[in-house]
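K.L.:
Dropping in final-v7.pdb, which is PDB, C-alpha atoms:
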```
MODEL        1
ATOM      1  CA  MET A 553     216.586  67.931 121.495  1.00  0.00           C
ATOM      2  CA  PHE A 554     215.187  66.987 118.072  1.00  0.00           C
ATOM      3  CA  GLN A 555     217.234  64.426 116.155  1.00  0.00           C
ATOM      4  CA  ALA A 556     216.798  64.103 112.406  1.00  0.00           C
ATOM      5  CA  ALA A 557     215.927  60.694 111.022  1.00  0.00           C
ATOM      6  CA  SER A 558     218.899  58.833 109.646  1.00  0.00           C
ATOM      7  CA  SER A 559     219.107  58.557 105.864  1.00  0.00           C
ATOM      8  CA  THR A 560     221.044  55.328 106.267  1.00  0.00           C
ATOM      9  CA  PRO A 561     218.634  52.384 106.231  1.00  0.00           C
ATOM     10  CA  GLN A 562     218.776  49.915 109.092  1.00  0.00           C
ATOM     11  CA  PRO A 563     220.538  46.663 108.184  1.00  0.00           C
ATOM     12  CA  LEU A 564     218.136  43.862 107.350  1.00  0.00           C
ATOM     13  CA  THR A 565     218.043  40.624 109.265  1.00  0.00           C
ATOM     14  CA  LEU A 566     217.974  37.352 107.350  1.00  0.00           C
ATOM     15  CA  GLU A 567     214.281  36.984 108.192  1.00  0.00           C
ATOM     16  CA  GLU A 568     213.517  40.470 106.801  1.00  0.00           C
ATOM     17  CA  TYR A 569     215.502  39.677 103.649  1.00  0.00           C
ATOM     18  CA  LEU A 570     213.644  36.400 103.130  1.00  0.00           C
ATOM     19  CA  ALA A 571     210.311  38.238 103.488  1.00  0.00           C
ATOM     20  CA  PHE A 572     211.389  41.149 101.222  1.00  0.00           C
ATOM     21  CA  ASP A 573     209.501  41.605  97.955  1.00  0.00           C
ATOM     22  CA  ASP A 574     209.782  44.826  95.984  1.00  0.00           C
ATOM     23  CA  GLY A 575     207.302  43.610  93.369  1.00  0.00           C
ATOM     24  CA  THR A 576     209.956  43.254  90.666  1.00  0.00           C
ATOM     25  CA  ASP A 577     212.017  40.385  89.269  1.00  0.00           C
ATOM     26  CA  THR A 578     215.214  42.011  90.552  1.00  0.00           C
ATOM     27  CA  ARG A 579     217.645  39.530  92.109  1.00  0.00           C
ATOM     28  CA  TYR A 580     219.428  40.512  95.314  1.00  0.00           C
ATOM     29  CA  GLU A 581     222.116  39.212  97.608  1.00  0.00           C
ATOM     30  CA  LEU A 582     222.243  40.245 101.243  1.00  0.00           C
ATOM     31  CA  VAL A 583     225.672  41.461 102.375  1.00  0.00           C
ATOM     32  CA  ASP A 584     226.096  42.629 105.961  1.00  0.00           C
ATOM     33  CA  GLY A 585     222.396  43.426 106.138  1.00  0.00           C
ATOM     34  CA  GLU A 586     222.363  45.455 102.912  1.00  0.00           C
ATOM     35  CA  LEU A 587     220.452  44.509  99.769  1.00  0.00           C
ATOM     36  CA  ILE A 588     222.842  44.305  96.813  1.00  0.00           C
ATOM     37  CA  GLU A 589     221.138  44.274  93.431  1.00  0.00           C
ATOM     38  CA  MET A 590     222.482  41.566  91.167  1.00  0.00           C
ATOM     39  CA  PRO A 591     222.753  42.727  87.557  1.00  0.00           C
ATOM     40  CA  PRO A 592     221.434  40.513  84.777  1.00  0.00           C
ATOM     41  CA  GLU A 593     223.908  37.848  83.699  1.00  0.00           C
ATOM     42  CA  SER A 594     225.764  38.139  80.404  1.00  0.00           C
ATOM     43  CA  ASP A 595     224.946  35.690  77.636  1.00  0.00           C
ATOM     44  CA  GLU A 596     228.436  34.203  78.023  1.00  0.00           C
ATOM     45  CA  ASN A 597     227.970  33.576  81.755  1.00  0.00           C
ATOM     46  CA  LEU A 598     224.545  32.015  81.217  1.00  0.00           C
ATOM     47  CA  THR A 599     225.945  29.778  78.479  1.00  0.00           C
ATOM     48  CA  ILE A 600     228.789  28.617  80.740  1.00  0.00           C
ATOM     49  CA  ALA A 601     226.405  27.910  83.632  1.00  0.00           C
ATOM     50  CA  ARG A 602     224.075  25.990  81.311  1.00  0.00           C
ATOM     51  CA  GLN A 603     226.979  23.896  79.921  1.00  0.00           C
ATOM     52  CA  LEU A 604     228.158  23.121  83.457  1.00  0.00           C
ATOM     53  CA  LEU A 605     224.645  22.117  84.493  1.00  0.00           C
ATOM     54  CA  LEU A 606     224.348  19.729  81.547  1.00  0.00           C
ATOM     55  CA  GLU A 607     227.740  18.186  82.314  1.00  0.00           C
ATOM     56  CA  LEU A 608     227.070  17.854  86.039  1.00  0.00           C
ATOM     57  CA  ILE A 609     223.792  15.969  85.528  1.00  0.00           C
ATOM     58  CA  ASN A 610     225.817  13.276  83.767  1.00  0.00           C
ATOM     59  CA  HIS A 611     227.618  12.632  87.066  1.00  0.00           C
ATOM     60  CA  VAL A 612     225.132  13.292  89.876  1.00  0.00           C
ATOM     61  CA  PRO A 613     221.350  12.948  90.174  1.00  0.00           C
ATOM     62  CA  VAL A 614     219.676  15.703  88.162  1.00  0.00           C
ATOM     63  CA  GLU A 615     217.660  16.887  91.162  1.00  0.00           C
ATOM     64  CA  TRP A 616     220.888  17.593  93.068  1.00  0.00           C
ATOM     65  CA  VAL A 617     222.049  20.267  90.575  1.00  0.00           C
ATOM     66  CA  ALA A 618     220.320  23.602  91.094  1.00  0.00           C
ATOM     67  CA  TRP A 619     220.373  27.268  90.188  1.00  0.00           C
ATOM     68  CA  GLY A 620     218.510  30.011  92.022  1.00  0.00           C
ATOM     69  CA  THR A 621     219.227  28.513  95.443  1.00  0.00           C
ATOM     70  CA  GLU A 622     220.305  31.029  98.071  1.00  0.00           C
ATOM     71  CA  ILE A 623     222.859  30.216 100.758  1.00  0.00           C
ATOM     72  CA  GLU A 624     223.127  31.957 104.108  1.00  0.00           C
ATOM     73  CA  THR A 625     226.784  32.651 104.858  1.00  0.00           C
ATOM     74  CA  LEU A 626     228.609  34.136 107.811  1.00  0.00           C
ATOM     75  CA  GLY A 627     229.485  37.800 108.169  1.00  0.00           C
ATOM     76  CA  ARG A 628     229.384  40.768 110.513  1.00  0.00           C
ATOM     77  CA  ARG A 629     225.672  40.998 109.787  1.00  0.00           C
ATOM     78  CA  ALA A 630     223.200  38.888 107.836  1.00  0.00           C
ATOM     79  CA  ARG A 631     224.449  37.518 104.505  1.00  0.00           C
ATOM     80  CA  CYS A 632     222.752  35.474 101.829  1.00  0.00           C
ATOM     81  CA  ARG A 633     224.460  34.649  98.531  1.00  0.00           C
ATOM     82  CA  LEU A 634     222.942  33.574  95.218  1.00  0.00           C
ATOM     83  CA  PRO A 635     225.510  31.403  93.402  1.00  0.00           C
ATOM     84  CA  ASP A 636     225.199  30.483  89.741  1.00  0.00           C
ATOM     85  CA  LEU A 637     224.933  26.746  90.463  1.00  0.00           C
ATOM     86  CA  ILE A 638     225.097  24.381  93.396  1.00  0.00           C
ATOM     87  CA  VAL A 639     225.395  20.635  93.745  1.00  0.00           C
ATOM     88  CA  HIS A 640     223.429  19.367  96.724  1.00  0.00           C
ATOM     89  CA  THR A 641     224.289  16.603  99.089  1.00  0.00           C
ATOM     90  CA  GLU A 642     221.496  14.195  99.879  1.00  0.00           C
ATOM     91  CA  GLU A 643     221.094  16.027 103.202  1.00  0.00           C
ATOM     92  CA  SER A 644     220.988  19.568 101.788  1.00  0.00           C
ATOM     93  CA  LYS A 645     218.441  18.553  99.158  1.00  0.00           C
ATOM     94  CA  ALA A 646     216.255  16.805 101.744  1.00  0.00           C
ATOM     95  CA  ALA A 647     216.404  19.857 104.034  1.00  0.00           C
ATOM     96  CA  LEU A 648     214.679  21.967 101.356  1.00  0.00           C
ATOM     97  CA  ALA A 649     211.774  19.553 100.842  1.00  0.00           C
ATOM     98  CA  GLY A 650     208.484  21.350 101.417  1.00  0.00           C
ATOM     99  CA  THR A 651     210.042  24.782 101.959  1.00  0.00           C
ATOM    100  CA  ARG A 652     208.429  27.871 100.446  1.00  0.00           C
ATOM    101  CA  ARG A 653     211.742  29.362  99.359  1.00  0.00           C
ATOM    102  CA  VAL A 654     214.900  27.518  98.266  1.00  0.00           C
ATOM    103  CA  THR A 655     217.273  29.065 100.782  1.00  0.00           C
ATOM    104  CA  ILE A 656     219.906  27.029 102.572  1.00  0.00           C
ATOM    105  CA  THR A 657     219.868  28.753 105.937  1.00  0.00           C
ATOM    106  CA  GLY A 658     222.565  28.283 108.559  1.00  0.00           C
ATOM    107  CA  ASP A 659     220.578  25.584 110.341  1.00  0.00           C
ATOM    108  CA  ARG A 660     220.472  23.420 107.185  1.00  0.00           C
ATOM    109  CA  PRO A 661     223.278  21.215 105.827  1.00  0.00           C
ATOM    110  CA  PRO A 662     225.474  22.925 103.208  1.00  0.00           C
ATOM    111  CA  PRO A 663     225.592  21.765  99.592  1.00  0.00           C
ATOM    112  CA  ALA A 664     228.580  19.774  98.323  1.00  0.00           C
ATOM    113  CA  ILE A 665     229.651  22.286  95.658  1.00  0.00           C
ATOM    114  CA  VAL A 666     229.006  25.965  94.963  1.00  0.00           C
ATOM    115  CA  ILE A 667     229.849  27.345  91.507  1.00  0.00           C
ATOM    116  CA  GLU A 668     230.255  31.030  90.640  1.00  0.00           C
ATOM    117  CA  VAL A 669     230.833  32.221  87.064  1.00  0.00           C
ATOM    118  CA  VAL A 670     232.787  35.473  87.423  1.00  0.00           C
ATOM    119  CA  SER A 671     231.029  38.477  85.911  1.00  0.00           C
ATOM    120  CA  PRO A 672     233.105  41.268  84.345  1.00  0.00           C
ATOM    121  CA  GLY A 673     234.472  44.003  86.605  1.00  0.00           C
ATOM    122  CA  ALA A 674     236.913  44.391  89.481  1.00  0.00           C
ATOM    123  CA  THR A 675     234.183  44.372  92.134  1.00  0.00           C
ATOM    124  CA  ASN A 676     232.789  41.063  90.880  1.00  0.00           C
ATOM    125  CA  ARG A 677     236.277  39.531  90.754  1.00  0.00           C
ATOM    126  CA  ALA A 678     236.980  40.600  94.349  1.00  0.00           C
ATOM    127  CA  GLN A 679     233.635  39.202  95.502  1.00  0.00           C
ATOM    128  CA  ASP A 680     234.109  35.829  93.818  1.00  0.00           C
ATOM    129  CA  TYR A 681     237.830  35.324  94.502  1.00  0.00           C
ATOM    130  CA  ARG A 682     238.093  36.764  98.036  1.00  0.00           C
ATOM    131  CA  HIS A 683     234.862  37.398  99.866  1.00  0.00           C
ATOM    132  CA  LYS A 684     232.715  34.505  98.694  1.00  0.00           C
ATOM    133  CA  ARG A 685     235.653  32.093  98.938  1.00  0.00           C
ATOM    134  CA  THR A 686     235.995  32.882 102.645  1.00  0.00           C
ATOM    135  CA  GLU A 687     232.237  32.883 103.272  1.00  0.00           C
ATOM    136  CA  TYR A 688     231.636  29.530 101.586  1.00  0.00           C
ATOM    137  CA  ALA A 689     234.565  27.927 103.412  1.00  0.00           C
ATOM    138  CA  ALA A 690     233.291  29.233 106.760  1.00  0.00           C
ATOM    139  CA  ARG A 691     229.846  27.838 105.900  1.00  0.00           C
ATOM    140  CA  GLY A 692     231.352  24.337 105.577  1.00  0.00           C
ATOM    141  CA  ILE A 693     230.950  23.979 101.821  1.00  0.00           C
ATOM    142  CA  SER A 694     233.556  21.419 100.763  1.00  0.00           C
ATOM    143  CA  GLU A 695     234.120  22.678  97.196  1.00  0.00           C
ATOM    144  CA  TYR A 696     233.835  26.116  95.613  1.00  0.00           C
ATOM    145  CA  TRP A 697     234.450  26.463  91.877  1.00  0.00           C
ATOM    146  CA  ILE A 698     235.320  29.871  90.462  1.00  0.00           C
ATOM    147  CA  VAL A 699     234.734  29.787  86.712  1.00  0.00           C
ATOM    148  CA  ASP A 700     236.504  32.741  85.137  1.00  0.00           C
ATOM    149  CA  PRO A 701     235.593  33.387  81.469  1.00  0.00           C
ATOM    150  CA  GLU A 702     238.008  36.313  81.207  1.00  0.00           C
ATOM    151  CA  GLU A 703     241.018  34.269  82.375  1.00  0.00           C
ATOM    152  CA  ARG A 704     239.647  31.105  80.772  1.00  0.00           C
ATOM    153  CA  GLN A 705     240.237  29.075  83.918  1.00  0.00           C
ATOM    154  CA  ILE A 706     238.474  27.278  86.719  1.00  0.00           C
ATOM    155  CA  THR A 707     239.788  27.624  90.269  1.00  0.00           C
ATOM    156  CA  LEU A 708     238.822  24.786  92.576  1.00  0.00           C
ATOM    157  CA  CYS A 709     238.801  25.697  96.279  1.00  0.00           C
ATOM    158  CA  ARG A 710     238.511  22.932  98.859  1.00  0.00           C
TER     159      ARG A 710
ENDMDL
END
```
Starting from the coordinates I provided, produce the structure as structure tokens.
P.N.:
Amino acid sequence: MFQAASSTPQPLTLEEYLAFDDGTDTRYELVDGELIEMPPESDENLTIARQLLLELINHVPVEWVAWGTEIETLGRRARCRLPDLIVHTEESKAALAGTRRVTITGDRPPPAIVIEVVSPGATNRAQDYRHKRTEYAARGISEYWIVDPEERQITLCR
């Protein structure tokens, strides 16, 4: 019997995600094997992240504060998050030395702090307050900061 091809794409593995390149500058997160396009950040969110970066480098070595670093987290299927900022530990920074892509995979030490600046919208709020909170805790990240411009508050999760 002939079976039609499924229109649902197969979930990606972490290795497939790390090798993925669609030829654009589009940023993605991997959630349960599915590519999730990350919209461009608002000017307000970028300003907040920049101010936090400048403040953090007054307290920790500048090379330990990073943006654009992906973190593999736990889930039903492969997951890789792209937080706004991270603060490395000495071990997590050293584990990335010489790598082609700045991704903290599950076999590498976690960073000390992950910081997310909440983007507008209910979906983004749910991701940052519920899903990512659980994922980062399960990954062994000791601090997760949720910076919420709308509520004008910072939630510190340990």
K.L.:
Which residues, written as a count of residues only, have at least one atom at most 10 Å from A:Thr641, with all atoms listed in the file counted and residues fewer than 6 positions away on the same chain left out?
P.N.:
9
K.L.:
Applied to this file, what does the PyMOL selection byres ((chain A and resi 693-704) around 7) return in terms of residues, put as a list in words?
P.N.:
Pro662, Pro663, Ala664, Ile665, Val666, Ile667, Glu668, Val669, Val670, Asp680, Tyr688, Ala689, Arg691, Gly692, Gln705, Ile706, Thr707, Leu708, Cys709 and Arg710 of chain A
K.L.:
Those same residues - C-alpha atoms - I'd like them written as an mmCIF file, in the coordinates of the input.
P.N.:
```cif
data_model
loop_
_atom_site.group_PDB
_atom_site.id
_atom_site.type_symbol
_atom_site.label_atom_id
_atom_site.label_comp_id
_atom_site.auth_asym_id
_atom_site.auth_seq_id
_atom_site.Cartn_x
_atom_site.Cartn_y
_atom_site.Cartn_z
ATOM 1 C CA PRO A 662 225.474 22.925 103.208
ATOM 2 C CA PRO A 663 225.592 21.765 99.592
ATOM 3 C CA ALA A 664 228.580 19.774 98.323
ATOM 4 C CA ILE A 665 229.651 22.286 95.658
ATOM 5 C CA VAL A 666 229.006 25.965 94.963
ATOM 6 C CA ILE A 667 229.849 27.345 91.507
ATOM 7 C CA GLU A 668 230.255 31.030 90.640
ATOM 8 C CA VAL A 669 230.833 32.221 87.064
ATOM 9 C CA VAL A 670 232.787 35.473 87.423
ATOM 10 C CA ASP A 680 234.109 35.829 93.818
ATOM 11 C CA TYR A 688 231.636 29.530 101.586
ATOM 12 C CA ALA A 689 234.565 27.927 103.412
ATOM 13 C CA ARG A 691 229.846 27.838 105.900
ATOM 14 C CA GLY A 692 231.352 24.337 105.577
ATOM 15 C CA GLN A 705 240.237 29.075 83.918
ATOM 16 C CA ILE A 706 238.474 27.278 86.719
ATOM 17 C CA THR A 707 239.788 27.624 90.269
ATOM 18 C CA LEU A 708 238.822 24.786 92.576
ATOM 19 C CA CYS A 709 238.801 25.697 96.279
ATOM 20 C CA ARG A 710 238.511 22.932 98.859
#
```
K.L.:
Write out as a PyMOL selection string each polymer residue whose atoms come within 10 Å of stretch 619-632 of chain A, counting only C-alpha atoms; drop sequence neighbours fewer than 2 positions from it.
P.N.:
chain A and resi 563-570+579-587+601-602+605+617+634-639+648+653-660+662-663+666-667+683-684+686-692
K.L.:
Would you compute, for all listed atoms of stretch 643-647 of chain A, the axis-aligned bounding box grown by 3 Å on each side, and then report its centre and edge lengths in Å rounded to one decimal, as lines of an AutoDock Vina configuration file?
P.N.:
```
center_x = 218.7
center_y = 17.9
center_z = 101.6
size_x = 10.8
size_y = 9.8
size_z = 10.9
```
K.L.:
Go ahead and compute the interatomic distance for atom CA of A:Ala674 and atom CA of A:Ile588, in Å to one decimal.
P.N.:
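Taking atom CA of A:Ala674 as the start and atom CA of A:Ile588 as the end point, the length is 15.9 Å.
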K.L.:
Which is closer to A:Ile600 than all the others in A:Ala646, A:Ser671, A:Asp577, A:Tyr681, using all atoms listed in the file?
P.N.:
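Comparing A:Ala646, A:Ser671, A:Asp577, A:Tyr681 against A:Ile600, the winner is A:Ser671.
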K.L.:
Hey, could you patch up stretch 653-664 of chain A with all heavy atoms and hand it over as a JSON list (two decimals), in the frame of the given file?
P.N.:
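The result, written out as part09.json:
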```json
[["chain", "number", "residue", "atom", "x", "y", "z"],
["A", 653, "ARG", "N", 210.68, 28.66, 100.07],
["A", 653, "ARG", "CA", 211.74, 29.36, 99.36],
["A", 653, "ARG", "C", 213.00, 28.52, 99.43],
["A", 653, "ARG", "O", 213.36, 28.02, 100.48],
["A", 653, "ARG", "CB", 211.97, 30.71, 100.03],
["A", 653, "ARG", "CG", 212.97, 31.60, 99.34],
["A", 653, "ARG", "CD", 212.90, 32.98, 99.92],
["A", 653, "ARG", "NE", 213.96, 33.81, 99.41],
["A", 653, "ARG", "CZ", 213.91, 35.12, 99.38],
["A", 653, "ARG", "NH1", 212.84, 35.75, 99.85],
["A", 653, "ARG", "NH2", 214.91, 35.83, 98.91],
["A", 654, "VAL", "N", 213.70, 28.37, 98.30],
["A", 654, "VAL", "CA", 214.90, 27.52, 98.27],
["A", 654, "VAL", "C", 216.12, 28.29, 98.79],
["A", 654, "VAL", "O", 216.95, 28.77, 98.04],
["A", 654, "VAL", "CB", 215.17, 26.91, 96.87],
["A", 654, "VAL", "CG1", 214.17, 25.82, 96.55],
["A", 654, "VAL", "CG2", 215.18, 27.96, 95.80],
["A", 655, "THR", "N", 216.17, 28.38, 100.10],
["A", 655, "THR", "CA", 217.27, 29.06, 100.78],
["A", 655, "THR", "C", 217.89, 28.10, 101.77],
["A", 655, "THR", "O", 217.19, 27.54, 102.62],
["A", 655, "THR", "CB", 216.77, 30.31, 101.54],
["A", 655, "THR", "OG1", 216.12, 31.18, 100.61],
["A", 655, "THR", "CG2", 217.92, 31.05, 102.19],
["A", 656, "ILE", "N", 219.20, 27.89, 101.63],
["A", 656, "ILE", "CA", 219.91, 27.03, 102.57],
["A", 656, "ILE", "C", 220.37, 27.92, 103.72],
["A", 656, "ILE", "O", 221.39, 28.60, 103.64],
["A", 656, "ILE", "CB", 221.10, 26.31, 101.90],
["A", 656, "ILE", "CG1", 220.58, 25.45, 100.73],
["A", 656, "ILE", "CG2", 221.85, 25.46, 102.92],
["A", 656, "ILE", "CD1", 221.69, 24.81, 99.91],
["A", 657, "THR", "N", 219.55, 27.94, 104.76],
["A", 657, "THR", "CA", 219.87, 28.75, 105.94],
["A", 657, "THR", "C", 220.93, 28.05, 106.78],
["A", 657, "THR", "O", 221.24, 26.87, 106.56],
["A", 657, "THR", "CB", 218.59, 29.00, 106.76],
["A", 657, "THR", "OG1", 217.98, 27.75, 107.07],
["A", 657, "THR", "CG2", 217.60, 29.89, 106.00],
["A", 658, "GLY", "N", 221.47, 28.78, 107.74],
["A", 658, "GLY", "CA", 222.56, 28.28, 108.56],
["A", 658, "GLY", "C", 222.25, 27.04, 109.36],
["A", 658, "GLY", "O", 223.15, 26.31, 109.75],
["A", 659, "ASP", "N", 220.96, 26.78, 109.58],
["A", 659, "ASP", "CA", 220.58, 25.58, 110.34],
["A", 659, "ASP", "C", 220.37, 24.37, 109.44],
["A", 659, "ASP", "O", 220.02, 23.30, 109.92],
["A", 659, "ASP", "CB", 219.31, 25.86, 111.16],
["A", 659, "ASP", "CG", 218.12, 26.26, 110.29],
["A", 659, "ASP", "OD1", 218.32, 26.68, 109.13],
["A", 659, "ASP", "OD2", 216.98, 26.16, 110.78],
["A", 660, "ARG", "N", 220.62, 24.53, 108.14],
["A", 660, "ARG", "CA", 220.47, 23.42, 107.18],
["A", 660, "ARG", "C", 221.85, 22.97, 106.70],
["A", 660, "ARG", "O", 222.78, 23.78, 106.63],
["A", 660, "ARG", "CB", 219.62, 23.86, 106.00],
["A", 660, "ARG", "CG", 218.19, 24.16, 106.39],
["A", 660, "ARG", "CD", 217.33, 24.48, 105.20],
["A", 660, "ARG", "NE", 215.95, 24.64, 105.63],
["A", 660, "ARG", "CZ", 215.17, 25.61, 105.23],
["A", 660, "ARG", "NH1", 215.61, 26.52, 104.37],
["A", 660, "ARG", "NH2", 213.93, 25.68, 105.66],
["A", 661, "PRO", "N", 221.98, 21.70, 106.32],
["A", 661, "PRO", "CA", 223.28, 21.22, 105.83],
["A", 661, "PRO", "C", 223.70, 21.96, 104.56],
["A", 661, "PRO", "O", 222.85, 22.29, 103.72],
["A", 661, "PRO", "CB", 223.02, 19.75, 105.51],
["A", 661, "PRO", "CG", 221.76, 19.39, 106.22],
["A", 661, "PRO", "CD", 220.97, 20.66, 106.35],
["A", 662, "PRO", "N", 225.00, 22.23, 104.41],
["A", 662, "PRO", "CA", 225.47, 22.92, 103.21],
["A", 662, "PRO", "C", 225.47, 22.00, 102.00],
["A", 662, "PRO", "O", 225.50, 20.78, 102.14],
["A", 662, "PRO", "CB", 226.90, 23.34, 103.58],
["A", 662, "PRO", "CG", 227.34, 22.28, 104.55],
["A", 662, "PRO", "CD", 226.09, 21.92, 105.33],
["A", 663, "PRO", "N", 225.46, 22.59, 100.80],
["A", 663, "PRO", "CA", 225.59, 21.76, 99.59],
["A", 663, "PRO", "C", 227.03, 21.25, 99.47],
["A", 663, "PRO", "O", 227.93, 21.70, 100.19],
["A", 663, "PRO", "CB", 225.26, 22.75, 98.47],
["A", 663, "PRO", "CG", 225.66, 24.08, 99.01],
["A", 663, "PRO", "CD", 225.37, 24.01, 100.48],
["A", 664, "ALA", "N", 227.24, 20.33, 98.55],
["A", 664, "ALA", "CA", 228.58, 19.77, 98.32],
["A", 664, "ALA", "C", 229.47, 20.75, 97.56],
["A", 664, "ALA", "O", 230.64, 20.91, 97.87],
["A", 664, "ALA", "CB", 228.48, 18.46, 97.55]]
```
